[in-house]
file run_29.pdb (PDB, C-alpha atoms)
ATOM      1  CA  MET Z   1      -1.267  -8.823 -25.147
ATOM      2  CA  GLY Z   2       2.428  -8.536 -25.864
ATOM      3  CA  ASN Z   3       5.461  -8.465 -23.644
ATOM      4  CA  PRO Z   4       5.720  -5.075 -21.860
ATOM      5  CA  GLN Z   5       8.654  -2.834 -22.726
ATOM      6  CA  HIS Z   6       8.618  -1.390 -19.198
ATOM      7  CA  TYR Z   7       7.096  -3.972 -16.865
ATOM      8  CA  GLY Z   8       7.211  -1.758 -13.775
ATOM      9  CA  ILE Z   9       5.064   0.929 -15.420
ATOM     10  CA  GLU Z  10       2.891  -0.927 -17.901
ATOM     11  CA  LEU Z  11       1.644  -3.680 -15.579
ATOM     12  CA  PRO Z  12      -0.042  -1.239 -13.152
ATOM     13  CA  GLN Z  13      -1.816   0.356 -16.132
ATOM     14  CA  ARG Z  14      -3.032  -3.027 -17.338
ATOM     15  CA  CYS Z  15      -4.167  -4.015 -13.857
ATOM     16  CA  LEU Z  16      -6.121  -0.785 -13.439
ATOM     17  CA  THR Z  17      -7.808  -1.417 -16.790
ATOM     18  CA  LEU Z  18      -8.797  -4.872 -15.565
ATOM     19  CA  LEU Z  19     -10.010  -3.440 -12.255
ATOM     20  CA  GLU Z  20     -12.361  -0.990 -13.916
ATOM     21  CA  GLY Z  21     -13.394  -3.296 -16.739
ATOM     22  CA  LEU Z  22     -14.379  -6.105 -14.372
ATOM     23  CA  TRP Z  23     -15.745  -3.974 -11.536
ATOM     24  CA  GLY Z  24     -19.342  -4.444 -12.653
ATOM     25  CA  GLY Z  25     -18.949  -8.202 -12.489
ATOM     26  CA  ALA Z  26     -17.383  -8.030  -9.026
ATOM     27  CA  ALA Z  27     -20.267  -5.838  -7.869
ATOM     28  CA  GLN Z  28     -22.643  -8.681  -8.798
ATOM     29  CA  THR Z  29     -20.593 -11.428  -7.139
ATOM     30  CA  PHE Z  30     -21.563 -12.640  -3.675
ATOM     31  CA  THR Z  31     -20.857 -15.567  -1.415
ATOM     32  CA  ASP Z  32     -24.061 -17.439  -0.631
ATOM     33  CA  HIS Z  33     -23.684 -17.376   3.143
ATOM     34  CA  THR Z  34     -22.719 -13.676   3.444
ATOM     35  CA  ARG Z  35     -24.892 -11.903   0.869
ATOM     36  CA  HIS Z  36     -25.994  -9.389   3.527
ATOM     37  CA  LEU Z  37     -22.386  -8.113   3.686
ATOM     38  CA  GLY Z  38     -22.400  -7.052   0.042
ATOM     39  CA  PRO Z  39     -20.482  -8.195  -3.042
ATOM     40  CA  LEU Z  40     -16.819  -9.188  -3.166
ATOM     41  CA  THR Z  41     -15.639  -5.788  -4.364
ATOM     42  CA  SER Z  42     -13.344  -5.252  -1.372
ATOM     43  CA  THR Z  43     -11.563  -8.523  -2.066
ATOM     44  CA  PHE Z  44     -11.293  -7.658  -5.748
ATOM     45  CA  LEU Z  45      -9.988  -4.152  -5.033
ATOM     46  CA  ILE Z  46      -7.263  -5.327  -2.661
ATOM     47  CA  SER Z  47      -6.235  -8.175  -4.958
ATOM     48  CA  MET Z  48      -5.848  -5.947  -8.007
ATOM     49  CA  SER Z  49      -4.082  -3.220  -6.056
ATOM     50  CA  MET Z  50      -1.224  -5.524  -5.044
ATOM     51  CA  PRO Z  51       0.531  -5.493  -8.450
ATOM     52  CA  ILE Z  52      -0.453  -1.872  -9.058
ATOM     53  CA  ILE Z  53       1.583  -0.827  -6.009
ATOM     54  CA  ASN Z  54       4.170  -3.555  -5.620
ATOM     55  CA  ILE Z  55       5.350  -4.051  -9.211
ATOM     56  CA  PRO Z  56       6.732  -0.494  -9.679
ATOM     57  CA  THR Z  57       8.000  -0.523  -6.093
ATOM     58  CA  GLU Z  58       9.927  -3.754  -6.577
ATOM     59  CA  ARG Z  59      11.254  -2.974 -10.060
ATOM     60  CA  ILE Z  60      12.046   0.744  -9.712
ATOM     61  CA  GLU Z  61      11.789   2.245  -6.227
ATOM     62  CA  LYS Z  62      13.770  -0.329  -4.287
ATOM     63  CA  TYR Z  63      16.741   0.008  -6.671
ATOM     64  CA  LEU Z  64      16.971   3.813  -6.506
ATOM     65  CA  GLY Z  65      19.822   3.606  -4.021
ATOM     66  CA  LEU Z  66      22.033   1.601  -6.363
ATOM     67  CA  ARG Z  67      24.601   3.396  -8.497
ATOM     68  CA  ASP Z  68      26.354   1.473 -11.250
ATOM     69  CA  ALA Z  69      25.162  -1.990 -10.293
ATOM     70  CA  GLU Z  70      21.904  -3.331 -11.672
ATOM     71  CA  GLY Z  71      19.414  -5.521  -9.874
ATOM     72  CA  TYR Z  72      18.017  -8.746 -11.266
ATOM     73  CA  VAL Z  73      14.638  -7.148 -12.228
ATOM     74  CA  ASP Z  74      15.772  -3.534 -12.378
ATOM     75  CA  ASP Z  75      13.705  -1.216 -14.627
ATOM     76  CA  ARG Z  76      15.533   2.013 -13.745
ATOM     77  CA  HIS Z  77      17.537   2.243 -16.970
ATOM     78  CA  LEU Z  78      14.583   1.647 -19.292
ATOM     79  CA  ASN Z  79      13.325   5.188 -18.798
ATOM     80  CA  PRO Z  80      15.693   7.642 -17.037
ATOM     81  CA  ASP Z  81      12.965  10.313 -16.839
ATOM     82  CA  ALA Z  82      10.688   7.902 -15.037
ATOM     83  CA  THR Z  83      13.431   6.924 -12.633
ATOM     84  CA  GLU Z  84      14.192  10.548 -11.817
ATOM     85  CA  GLU Z  85      10.500  11.241 -11.204
ATOM     86  CA  PHE Z  86      10.285   8.282  -8.844
ATOM     87  CA  LYS Z  87      13.321   9.597  -7.017
ATOM     88  CA  ASN Z  88      11.974  13.148  -6.780
ATOM     89  CA  VAL Z  89       8.568  12.108  -5.481
ATOM     90  CA  LEU Z  90       9.265   9.007  -3.413
ATOM     91  CA  LYS Z  91      12.682   9.840  -1.964
ATOM     92  CA  ARG Z  92      12.706  13.614  -1.582
ATOM     93  CA  ARG Z  93       9.185  14.654  -0.617
ATOM     94  CA  SER Z  94       6.625  14.213   2.094
ATOM     95  CA  PHE Z  95       3.570  12.141   1.261
ATOM     96  CA  GLY Z  96       1.456  15.310   1.326
ATOM     97  CA  GLN Z  97       3.559  16.734  -1.521
ATOM     98  CA  ALA Z  98       3.067  13.702  -3.755
ATOM     99  CA  PRO Z  99       0.834  14.222  -6.816
ATOM    100  CA  PHE Z 100      -1.281  11.186  -5.881
ATOM    101  CA  PHE Z 101      -1.991  12.418  -2.333
ATOM    102  CA  ARG Z 102      -5.482  13.718  -1.554
ATOM    103  CA  PRO Z 103      -6.032  15.655   1.697
ATOM    104  CA  GLY Z 104      -8.215  13.857   4.193
ATOM    105  CA  ALA Z 105      -8.075  10.468   2.489
ATOM    106  CA  TRP Z 106      -5.258   8.872   4.497
ATOM    107  CA  ARG Z 107      -4.741   8.542   8.258
ATOM    108  CA  PHE Z 108      -1.551   7.444   9.996
ATOM    109  CA  TYR Z 109      -0.726   6.330  13.510
ATOM    110  CA  GLN Z 110       2.385   4.817  15.090
ATOM    111  CA  TYR Z 111       1.544   2.400  17.853
ATOM    112  CA  GLU Z 112       4.081   1.763  20.592
ATOM    113  CA  GLY Z 113       3.362  -0.522  23.490
ATOM    114  CA  LYS Z 114       2.956  -4.148  24.408
ATOM    115  CA  PRO Z 115       2.717  -6.545  21.457
ATOM    116  CA  ILE Z 116      -0.740  -6.927  19.968
ATOM    117  CA  ASN Z 117      -2.185  -9.331  17.419
ATOM    118  CA  LEU Z 118      -4.407  -7.498  14.949
ATOM    119  CA  ALA Z 119      -5.839 -10.805  13.749
ATOM    120  CA  HIS Z 120      -8.097 -10.408  16.786
ATOM    121  CA  GLY Z 121      -9.268  -7.019  15.521
ATOM    122  CA  LEU Z 122      -8.164  -3.410  15.750
ATOM    123  CA  PRO Z 123      -8.027  -2.254  19.391
ATOM    124  CA  GLU Z 124     -10.461   0.525  20.213
ATOM    125  CA  ALA Z 125      -7.700   2.846  21.420
ATOM    126  CA  ILE Z 126      -5.982   2.672  18.018
ATOM    127  CA  ALA Z 127      -9.285   3.131  16.164
ATOM    128  CA  VAL Z 128      -9.868   6.317  18.183
ATOM    129  CA  GLU Z 129      -6.386   7.630  17.326
ATOM    130  CA  LEU Z 130      -7.008   7.031  13.625
ATOM    131  CA  GLU Z 131     -10.237   9.050  13.835
ATOM    132  CA  LYS Z 132      -8.489  12.202  15.014
ATOM    133  CA  ASN Z 133      -7.662  15.042  12.637
ATOM    134  CA  GLU Z 134      -4.060  14.726  13.765
ATOM    135  CA  ALA Z 135      -3.930  11.326  12.055
ATOM    136  CA  GLY Z 136      -4.594  13.014   8.716
ATOM    137  CA  ASP Z 137      -1.892  15.588   9.446
ATOM    138  CA  ARG Z 138       0.563  12.814  10.298
ATOM    139  CA  ALA Z 139      -0.137  11.064   7.001
ATOM    140  CA  ALA Z 140       0.534  14.253   5.039
ATOM    141  CA  ALA Z 141       3.760  14.944   6.952
ATOM    142  CA  MET Z 142       5.295  11.460   6.771
ATOM    143  CA  PRO Z 143       8.023  10.906   4.157
ATOM    144  CA  ALA Z 144       6.623   9.511   0.941
ATOM    145  CA  SER Z 145       9.164   6.697   1.189
ATOM    146  CA  GLN Z 146       7.806   5.719   4.609
ATOM    147  CA  TRP Z 147       4.205   5.767   3.366
ATOM    148  CA  LEU Z 148       5.133   3.540   0.424
ATOM    149  CA  GLY Z 149       7.100   1.216   2.695
ATOM    150  CA  VAL Z 150       4.109   0.672   4.977
ATOM    151  CA  LEU Z 151       1.683   0.129   2.096
ATOM    152  CA  ARG Z 152       4.003  -2.122   0.111
ATOM    153  CA  ASN Z 153       4.905  -4.226   3.152
ATOM    154  CA  ALA Z 154       1.261  -4.618   4.166
ATOM    155  CA  LEU Z 155       0.203  -5.718   0.687
ATOM    156  CA  ALA Z 156       3.143  -8.099   0.323
ATOM    157  CA  HIS Z 157       2.933  -9.714   3.758
ATOM    158  CA  GLY Z 158      -0.759  -9.726   4.598
ATOM    159  CA  GLY Z 159      -0.806  -6.755   6.957
ATOM    160  CA  ILE Z 160      -4.317  -5.763   5.877
ATOM    161  CA  ILE Z 161      -7.280  -5.084   8.159
ATOM    162  CA  TYR Z 162     -10.889  -4.825   6.998
ATOM    163  CA  LEU Z 163     -12.822  -2.140   8.873
ATOM    164  CA  ASP Z 164     -16.459  -1.049   8.925
ATOM    165  CA  GLU Z 165     -17.833   2.447   8.285
ATOM    166  CA  ARG Z 166     -16.791   3.495  11.804
ATOM    167  CA  GLY Z 167     -13.228   2.299  11.326
ATOM    168  CA  ARG Z 168     -13.754  -0.681  13.623
ATOM    169  CA  SER Z 169     -13.206  -4.398  13.182
ATOM    170  CA  SER Z 170     -16.505  -6.195  12.711
ATOM    171  CA  HIS Z 171     -17.575  -9.532  11.265
ATOM    172  CA  ASP Z 172     -21.237  -8.690  10.688
ATOM    173  CA  THR Z 173     -21.089  -5.398   8.779
ATOM    174  CA  PRO Z 174     -19.861  -4.512   5.266
ATOM    175  CA  VAL Z 175     -16.249  -3.445   4.724
ATOM    176  CA  LYS Z 176     -15.897   0.308   4.219
ATOM    177  CA  MET Z 177     -12.263   0.992   5.159
ATOM    178  CA  PHE Z 178      -8.871  -0.666   4.978
ATOM    179  CA  GLY Z 179      -6.010  -0.632   7.450
ATOM    180  CA  PHE Z 180      -2.461  -1.298   6.207
ATOM    181  CA  VAL Z 181       0.032  -2.315   8.872
ATOM    182  CA  ASN Z 182       3.719  -3.131   9.158
ATOM    183  CA  GLY Z 183       5.916  -3.761  12.166
ATOM    184  CA  ARG Z 184       8.620  -1.462  13.501
ATOM    185  CA  PHE Z 185      11.774  -3.192  14.776
ATOM    186  CA  LEU Z 186      14.419  -1.485  16.882
ATOM    187  CA  ASP Z 187      17.394  -3.132  15.193
ATOM    188  CA  GLY Z 188      15.715  -3.729  11.852
ATOM    189  CA  ARG Z 189      16.939  -7.310  11.591
ATOM    190  CA  CYS Z 190      17.210 -10.621  13.357
ATOM    191  CA  PRO Z 191      20.521 -11.353  15.144
ATOM    192  CA  HIS Z 192      20.748 -14.561  13.106
ATOM    193  CA  GLU Z 193      18.889 -13.594   9.982
ATOM    194  CA  LYS Z 194      19.433 -16.976   8.298
ATOM    195  CA  ASN Z 195      17.593 -18.671  11.142
ATOM    196  CA  GLN Z 196      13.945 -19.007  10.090
ATOM    197  CA  THR Z 197      12.777 -19.608  13.663
ATOM    198  CA  CYS Z 198      14.514 -16.455  14.839
ATOM    199  CA  ARG Z 199      12.874 -14.378  12.114
ATOM    200  CA  ALA Z 200       9.463 -15.786  12.980
ATOM    201  CA  GLU Z 201       9.913 -15.005  16.665
ATOM    202  CA  ARG Z 202      10.878 -11.371  16.230
ATOM    203  CA  VAL Z 203       8.473  -9.143  18.137
ATOM    204  CA  PRO Z 204       8.033  -5.609  16.791
ATOM    205  CA  SER Z 205       8.597  -2.648  19.071
ATOM    206  CA  GLY Z 206       5.613  -0.927  17.471
ATOM    207  CA  LEU Z 207       3.345  -0.752  14.445
ATOM    208  CA  ASN Z 208       2.862   1.670  11.564
ATOM    209  CA  ILE Z 209      -0.816   1.862  10.639
ATOM    210  CA  LEU Z 210      -2.368   3.565   7.605
ATOM    211  CA  ARG Z 211      -6.129   3.861   7.179
ATOM    212  CA  ILE Z 212      -8.196   4.830   4.137
ATOM    213  CA  ASN Z 213     -11.791   4.226   3.119
ATOM    214  CA  GLU Z 214     -12.587   1.943   0.220
ATOM    215  CA  VAL Z 215     -13.858   4.652  -2.139
ATOM    216  CA  ASP Z 216     -10.780   6.819  -1.571
ATOM    217  CA  TYR Z 217      -8.486   3.816  -2.049
ATOM    218  CA  ARG Z 218      -9.947   3.083  -5.450
ATOM    219  CA  ASP Z 219      -9.581   6.766  -6.343
ATOM    220  CA  PHE Z 220      -5.985   6.697  -5.103
ATOM    221  CA  LEU Z 221      -5.124   3.836  -7.464
ATOM    222  CA  HIS Z 222      -6.282   6.012 -10.357
ATOM    223  CA  ARG Z 223      -4.149   8.888  -9.075
ATOM    224  CA  TRP Z 224      -1.128   6.616  -8.685
ATOM    225  CA  VAL Z 225      -1.370   5.251 -12.236
ATOM    226  CA  SER Z 226      -2.212   8.697 -13.663
ATOM    227  CA  TRP Z 227       0.948  10.042 -12.038
ATOM    228  CA  MET Z 228       2.995   7.436 -13.852
ATOM    229  CA  GLN Z 229       1.246   8.275 -17.122
ATOM    230  CA  GLY Z 230       0.948  12.055 -16.865
ATOM    231  CA  ALA Z 231       4.438  12.780 -15.564
ATOM    232  CA  GLY Z 232       6.083  11.258 -18.599
ATOM    233  CA  LEU Z 233       6.771   7.952 -16.902
ATOM    234  CA  ALA Z 234       4.910   5.963 -19.556
ATOM    235  CA  GLN Z 235       7.024   7.024 -22.540
ATOM    236  CA  ALA Z 236       8.366   3.513 -22.919
ATOM    237  CA  ALA Z 237       4.907   1.978 -22.968
TER     238      ALA Z 237
END

call {"tool": "encode", "arguments": {"input": "run_29.pdb", "output": "structure tokens"}}
result
Amino acid sequence: MGNPQHYGIELPQRCLTLLEGLWGGAAQTFTDHTRHLGPLTSTFLISMSMPIINIPTERIEKYLGLRDAEGYVDDRHLNPDATEEFKNVLKRRSFGQAPFFRPGAWRFYQYEGKPINLAHGLPEAIAVELEKNEAGDRAAAMPASQWLGVLRNALAHGGIIYLDERGRSSHDTPVKMFGFVNGRFLDGRCPHEKNQTCRAERVPSGLNILRINEVDYRDFLHRWVSWMQGAGLAQAA
């Protein structure tokens, strides 16, 4: 495989090809001590989705605010049509207006309250909020840029929760849903941002939480890549 002409667009296509081509093997792969929980498809799906989402976000979307200056891995100028499409969809629309959105697939909830550690599991009160129809309406209404920010941040920084078929945290049932979480900070930064300890001790004022089931997430990845192909974004490929 040669060097991509447009890394931010071609790599997600290649990763999706790998995802589908190797899915059968992942479906036959188990860990010996947890075979009753099913194969490692959830792990495989999340792992392959990281570059599918984060590569175009890091190389195109995050530079959309720049004018004449160019970033150090900035793909915007490789395909002006692609860049304009990213801007139109991800900066000017709600998530529900995006071509890769599917009604009912995503749920969104903003938690505000005392700090919680989701490593201990998703609190029942939040799980109930994510079940409500209003959570689907909130996902559709949120800005596409906010949706992408939550998803990208969760995938980049480990803000991922495995949930069962009821949308609850469980260690003895198969994974059927994913939660993607990022923190909300009042000032957006640490008072002494060069101080590593200070950054580590920041406590968020709330959490942004997206939820989607595993089947819909795999379908979404196809929609995301198809958008980049079908909207003329892959001309450079």

call {"tool": "axis_aligned_box", "arguments": {"input": "run_29.pdb", "around": "stretch 64-78 of chain Z", "padding_each_side": "6 Å", "output": "AutoDock Vina command-line options"}}
result
--center_x 20.0 --center_y -2.5 --center_z -11.7 --size_x 24.6 --size_y 24.6 --size_z 27.3

call {"tool": "resolve_selection", "arguments": {"input": "run_29.pdb", "expression": "the PyMOL selection byres ((chain Z and resi 162-173) around 6)", "output": "list in words"}}
result
Leu37, Gly121, Leu122, Ile161, Pro174, Val175, Lys176, Met177 and Phe178 of chain Z

call {"tool": "residues_around", "arguments": {"input": "run_29.pdb", "residues": "Z:Asn3", "least_positions_apart": "3", "cutoff": "12 Å", "atoms": "only C-alpha atoms", "output": "number ranges by chain"}}
result
Z: 6-7, 10-11, 14, 237

call {"tool": "write_last_selection", "arguments": {"input": "run_29.pdb", "atoms": "C-alpha atoms", "output": "PDB file, keeping the file's coordinate frame"}}
result
ATOM      1  CA  HIS Z   6       8.618  -1.390 -19.198  1.00  0.00           C
ATOM      2  CA  TYR Z   7       7.096  -3.972 -16.865  1.00  0.00           C
ATOM      3  CA  GLU Z  10       2.891  -0.927 -17.901  1.00  0.00           C
ATOM      4  CA  LEU Z  11       1.644  -3.680 -15.579  1.00  0.00           C
ATOM      5  CA  ARG Z  14      -3.032  -3.027 -17.338  1.00  0.00           C
ATOM      6  CA  ALA Z 237       4.907   1.978 -22.968  1.00  0.00           C
TER       7      ALA Z 237
END

call {"tool": "resolve_selection", "arguments": {"input": "run_29.pdb", "expression": "the PyMOL selection byres ((chain Z and resi 102-104) around 10)", "output": "VMD selection string"}}
result
chain Z and resid 95 to 101 105 to 107 133 135 to 137 139 to 140 212 216 219 to 220 223

call {"tool": "atom_distance", "arguments": {"input": "run_29.pdb", "atom1": "atom CA of Z:Phe30", "atom2": "atom CA of Z:Asn54"}}
result
27.4 Å

call {"tool": "atom_distance", "arguments": {"input": "run_29.pdb", "atom1": "atom CA of Z:Ser205", "atom2": "atom CA of Z:Lys132"}}
result
23.0 Å

call {"tool": "atom_distance", "arguments": {"input": "run_29.pdb", "atom1": "atom CA of Z:Leu207", "atom2": "atom CA of Z:Phe108"}}
result
10.5 Å

call {"tool": "resolve_selection", "arguments": {"input": "run_29.pdb", "expression": "the PyMOL selection byres ((chain Z and resi 22-28) around 9)", "output": "JSON, numbers by chain"}}
result
{"Z": [17, 18, 19, 20, 21, 29, 30, 38, 39, 40, 41, 44, 45]}

call {"tool": "residues_around", "arguments": {"input": "run_29.pdb", "residues": "Z:Gly159", "least_positions_apart": "5", "cutoff": "10 Å", "atoms": "only C-alpha atoms", "output": "MDAnalysis selection string"}}
result
chainID Z and resid 118:119 150:154 179:183 209

call {"tool": "residues_near_point", "arguments": {"input": "run_29.pdb", "point": "(6.1, 12.4, -7.1)", "cutoff": "9 Å", "atoms": "all atoms listed in the file", "output": "list in words"}}
result
Glu85, Phe86, Lys87, Asn88, Val89, Leu90, Lys91, Arg92, Arg93, Phe95, Gln97, Ala98, Pro99, Phe100, Ala144, Trp227, Met228 and Ala231 of chain Z

call {"tool": "closest_residue", "arguments": {"input": "run_29.pdb", "among": "Z:Leu66, Z:Leu130, Z:Ile160, Z:Leu155", "to": "Z:Ser49", "atoms": "all atoms listed in the file"}}
result
Z:Leu155

call {"tool": "closest_residue", "arguments": {"input": "run_29.pdb", "among": "Z:Gln5, Z:Pro12, Z:Arg184, Z:Leu221", "to": "Z:Pro115", "atoms": "all atoms listed in the file"}}
result
Z:Arg184

call {"tool": "build_atoms", "arguments": {"input": "run_29.pdb", "residues": "stretch 47-77 of chain Z", "atoms": "N, CA and C atoms", "output": "PDB file, in the coordinates of the input"}}
result
ATOM      1  N   SER Z  47      -6.994  -7.244  -4.131  1.00  0.00           N
ATOM      2  CA  SER Z  47      -6.235  -8.175  -4.958  1.00  0.00           C
ATOM      3  C   SER Z  47      -5.611  -7.491  -6.158  1.00  0.00           C
ATOM      4  N   MET Z  48      -6.364  -6.631  -6.827  1.00  0.00           N
ATOM      5  CA  MET Z  48      -5.848  -5.947  -8.007  1.00  0.00           C
ATOM      6  C   MET Z  48      -4.863  -4.840  -7.645  1.00  0.00           C
ATOM      7  N   SER Z  49      -4.988  -4.309  -6.446  1.00  0.00           N
ATOM      8  CA  SER Z  49      -4.082  -3.220  -6.056  1.00  0.00           C
ATOM      9  C   SER Z  49      -2.683  -3.722  -5.730  1.00  0.00           C
ATOM     10  N   MET Z  50      -2.545  -5.000  -5.413  1.00  0.00           N
ATOM     11  CA  MET Z  50      -1.224  -5.524  -5.044  1.00  0.00           C
ATOM     12  C   MET Z  50      -0.201  -5.325  -6.160  1.00  0.00           C
ATOM     13  N   PRO Z  51      -0.456  -5.760  -7.398  1.00  0.00           N
ATOM     14  CA  PRO Z  51       0.531  -5.493  -8.450  1.00  0.00           C
ATOM     15  C   PRO Z  51       0.610  -4.020  -8.834  1.00  0.00           C
ATOM     16  N   ILE Z  52      -0.480  -3.287  -8.701  1.00  0.00           N
ATOM     17  CA  ILE Z  52      -0.453  -1.872  -9.058  1.00  0.00           C
ATOM     18  C   ILE Z  52       0.550  -1.111  -8.195  1.00  0.00           C
ATOM     19  N   ILE Z  53       0.640  -1.482  -6.927  1.00  0.00           N
ATOM     20  CA  ILE Z  53       1.583  -0.827  -6.009  1.00  0.00           C
ATOM     21  C   ILE Z  53       2.931  -1.534  -5.999  1.00  0.00           C
ATOM     22  N   ASN Z  54       2.923  -2.837  -5.895  1.00  0.00           N
ATOM     23  CA  ASN Z  54       4.170  -3.555  -5.620  1.00  0.00           C
ATOM     24  C   ASN Z  54       5.058  -3.756  -6.835  1.00  0.00           C
ATOM     25  N   ILE Z  55       4.498  -3.855  -8.032  1.00  0.00           N
ATOM     26  CA  ILE Z  55       5.350  -4.051  -9.211  1.00  0.00           C
ATOM     27  C   ILE Z  55       6.288  -2.858  -9.424  1.00  0.00           C
ATOM     28  N   PRO Z  56       5.780  -1.606  -9.509  1.00  0.00           N
ATOM     29  CA  PRO Z  56       6.732  -0.494  -9.679  1.00  0.00           C
ATOM     30  C   PRO Z  56       7.638  -0.289  -8.467  1.00  0.00           C
ATOM     31  N   THR Z  57       7.152  -0.640  -7.282  1.00  0.00           N
ATOM     32  CA  THR Z  57       8.000  -0.523  -6.093  1.00  0.00           C
ATOM     33  C   THR Z  57       9.167  -1.497  -6.160  1.00  0.00           C
ATOM     34  N   GLU Z  58       8.896  -2.730  -6.538  1.00  0.00           N
ATOM     35  CA  GLU Z  58       9.927  -3.754  -6.577  1.00  0.00           C
ATOM     36  C   GLU Z  58      10.884  -3.582  -7.757  1.00  0.00           C
ATOM     37  N   ARG Z  59      10.416  -3.025  -8.860  1.00  0.00           N
ATOM     38  CA  ARG Z  59      11.254  -2.974 -10.060  1.00  0.00           C
ATOM     39  C   ARG Z  59      11.904  -1.612 -10.295  1.00  0.00           C
ATOM     40  N   ILE Z  60      11.455  -0.594  -9.548  1.00  0.00           N
ATOM     41  CA  ILE Z  60      12.046   0.744  -9.712  1.00  0.00           C
ATOM     42  C   ILE Z  60      12.476   1.308  -8.361  1.00  0.00           C
ATOM     43  N   GLU Z  61      11.508   1.511  -7.464  1.00  0.00           N
ATOM     44  CA  GLU Z  61      11.789   2.245  -6.227  1.00  0.00           C
ATOM     45  C   GLU Z  61      12.862   1.604  -5.375  1.00  0.00           C
ATOM     46  N   LYS Z  62      12.825   0.299  -5.218  1.00  0.00           N
ATOM     47  CA  LYS Z  62      13.770  -0.329  -4.287  1.00  0.00           C
ATOM     48  C   LYS Z  62      15.208  -0.316  -4.809  1.00  0.00           C
ATOM     49  N   TYR Z  63      15.398  -0.042  -6.097  1.00  0.00           N
ATOM     50  CA  TYR Z  63      16.741   0.008  -6.671  1.00  0.00           C
ATOM     51  C   TYR Z  63      17.288   1.433  -6.774  1.00  0.00           C
ATOM     52  N   LEU Z  64      16.547   2.427  -6.314  1.00  0.00           N
ATOM     53  CA  LEU Z  64      16.971   3.813  -6.506  1.00  0.00           C
ATOM     54  C   LEU Z  64      18.275   4.123  -5.787  1.00  0.00           C
ATOM     55  N   GLY Z  65      18.595   3.358  -4.752  1.00  0.00           N
ATOM     56  CA  GLY Z  65      19.822   3.606  -4.021  1.00  0.00           C
ATOM     57  C   GLY Z  65      21.066   3.037  -4.683  1.00  0.00           C
ATOM     58  N   LEU Z  66      20.879   2.175  -5.670  1.00  0.00           N
ATOM     59  CA  LEU Z  66      22.033   1.601  -6.363  1.00  0.00           C
ATOM     60  C   LEU Z  66      22.649   2.618  -7.318  1.00  0.00           C
ATOM     61  N   ARG Z  67      23.926   2.490  -7.569  1.00  0.00           N
ATOM     62  CA  ARG Z  67      24.601   3.396  -8.497  1.00  0.00           C
ATOM     63  C   ARG Z  67      24.850   2.683  -9.825  1.00  0.00           C
ATOM     64  N   ASP Z  68      26.012   2.111  -9.981  1.00  0.00           N
ATOM     65  CA  ASP Z  68      26.354   1.473 -11.250  1.00  0.00           C
ATOM     66  C   ASP Z  68      25.791   0.057 -11.366  1.00  0.00           C
ATOM     67  N   ALA Z  69      25.648  -0.613 -10.250  1.00  0.00           N
ATOM     68  CA  ALA Z  69      25.162  -1.990 -10.293  1.00  0.00           C
ATOM     69  C   ALA Z  69      23.696  -2.029 -10.689  1.00  0.00           C
ATOM     70  N   GLU Z  70      23.293  -3.141 -11.297  1.00  0.00           N
ATOM     71  CA  GLU Z  70      21.904  -3.331 -11.672  1.00  0.00           C
ATOM     72  C   GLU Z  70      21.340  -4.535 -10.937  1.00  0.00           C
ATOM     73  N   GLY Z  71      20.080  -4.417 -10.531  1.00  0.00           N
ATOM     74  CA  GLY Z  71      19.414  -5.521  -9.874  1.00  0.00           C
ATOM     75  C   GLY Z  71      18.933  -6.552 -10.885  1.00  0.00           C
ATOM     76  N   TYR Z  72      18.391  -7.644 -10.369  1.00  0.00           N
ATOM     77  CA  TYR Z  72      18.017  -8.746 -11.266  1.00  0.00           C
ATOM     78  C   TYR Z  72      16.685  -8.504 -11.985  1.00  0.00           C
ATOM     79  N   VAL Z  73      15.831  -7.606 -11.483  1.00  0.00           N
ATOM     80  CA  VAL Z  73      14.638  -7.148 -12.228  1.00  0.00           C
ATOM     81  C   VAL Z  73      14.564  -5.626 -12.070  1.00  0.00           C
ATOM     82  N   ASP Z  74      15.541  -4.965 -12.593  1.00  0.00           N
ATOM     83  CA  ASP Z  74      15.772  -3.534 -12.378  1.00  0.00           C
ATOM     84  C   ASP Z  74      15.339  -2.753 -13.619  1.00  0.00           C
ATOM     85  N   ASP Z  75      14.250  -1.983 -13.497  1.00  0.00           N
ATOM     86  CA  ASP Z  75      13.705  -1.216 -14.627  1.00  0.00           C
ATOM     87  C   ASP Z  75      14.233   0.217 -14.699  1.00  0.00           C
ATOM     88  N   ARG Z  76      15.130   0.596 -13.820  1.00  0.00           N
ATOM     89  CA  ARG Z  76      15.533   2.013 -13.745  1.00  0.00           C
ATOM     90  C   ARG Z  76      16.078   2.551 -15.066  1.00  0.00           C
ATOM     91  N   HIS Z  77      16.839   1.746 -15.788  1.00  0.00           N
ATOM     92  CA  HIS Z  77      17.537   2.243 -16.970  1.00  0.00           C
ATOM     93  C   HIS Z  77      16.671   2.213 -18.236  1.00  0.00           C
TER      94      HIS Z  77
END
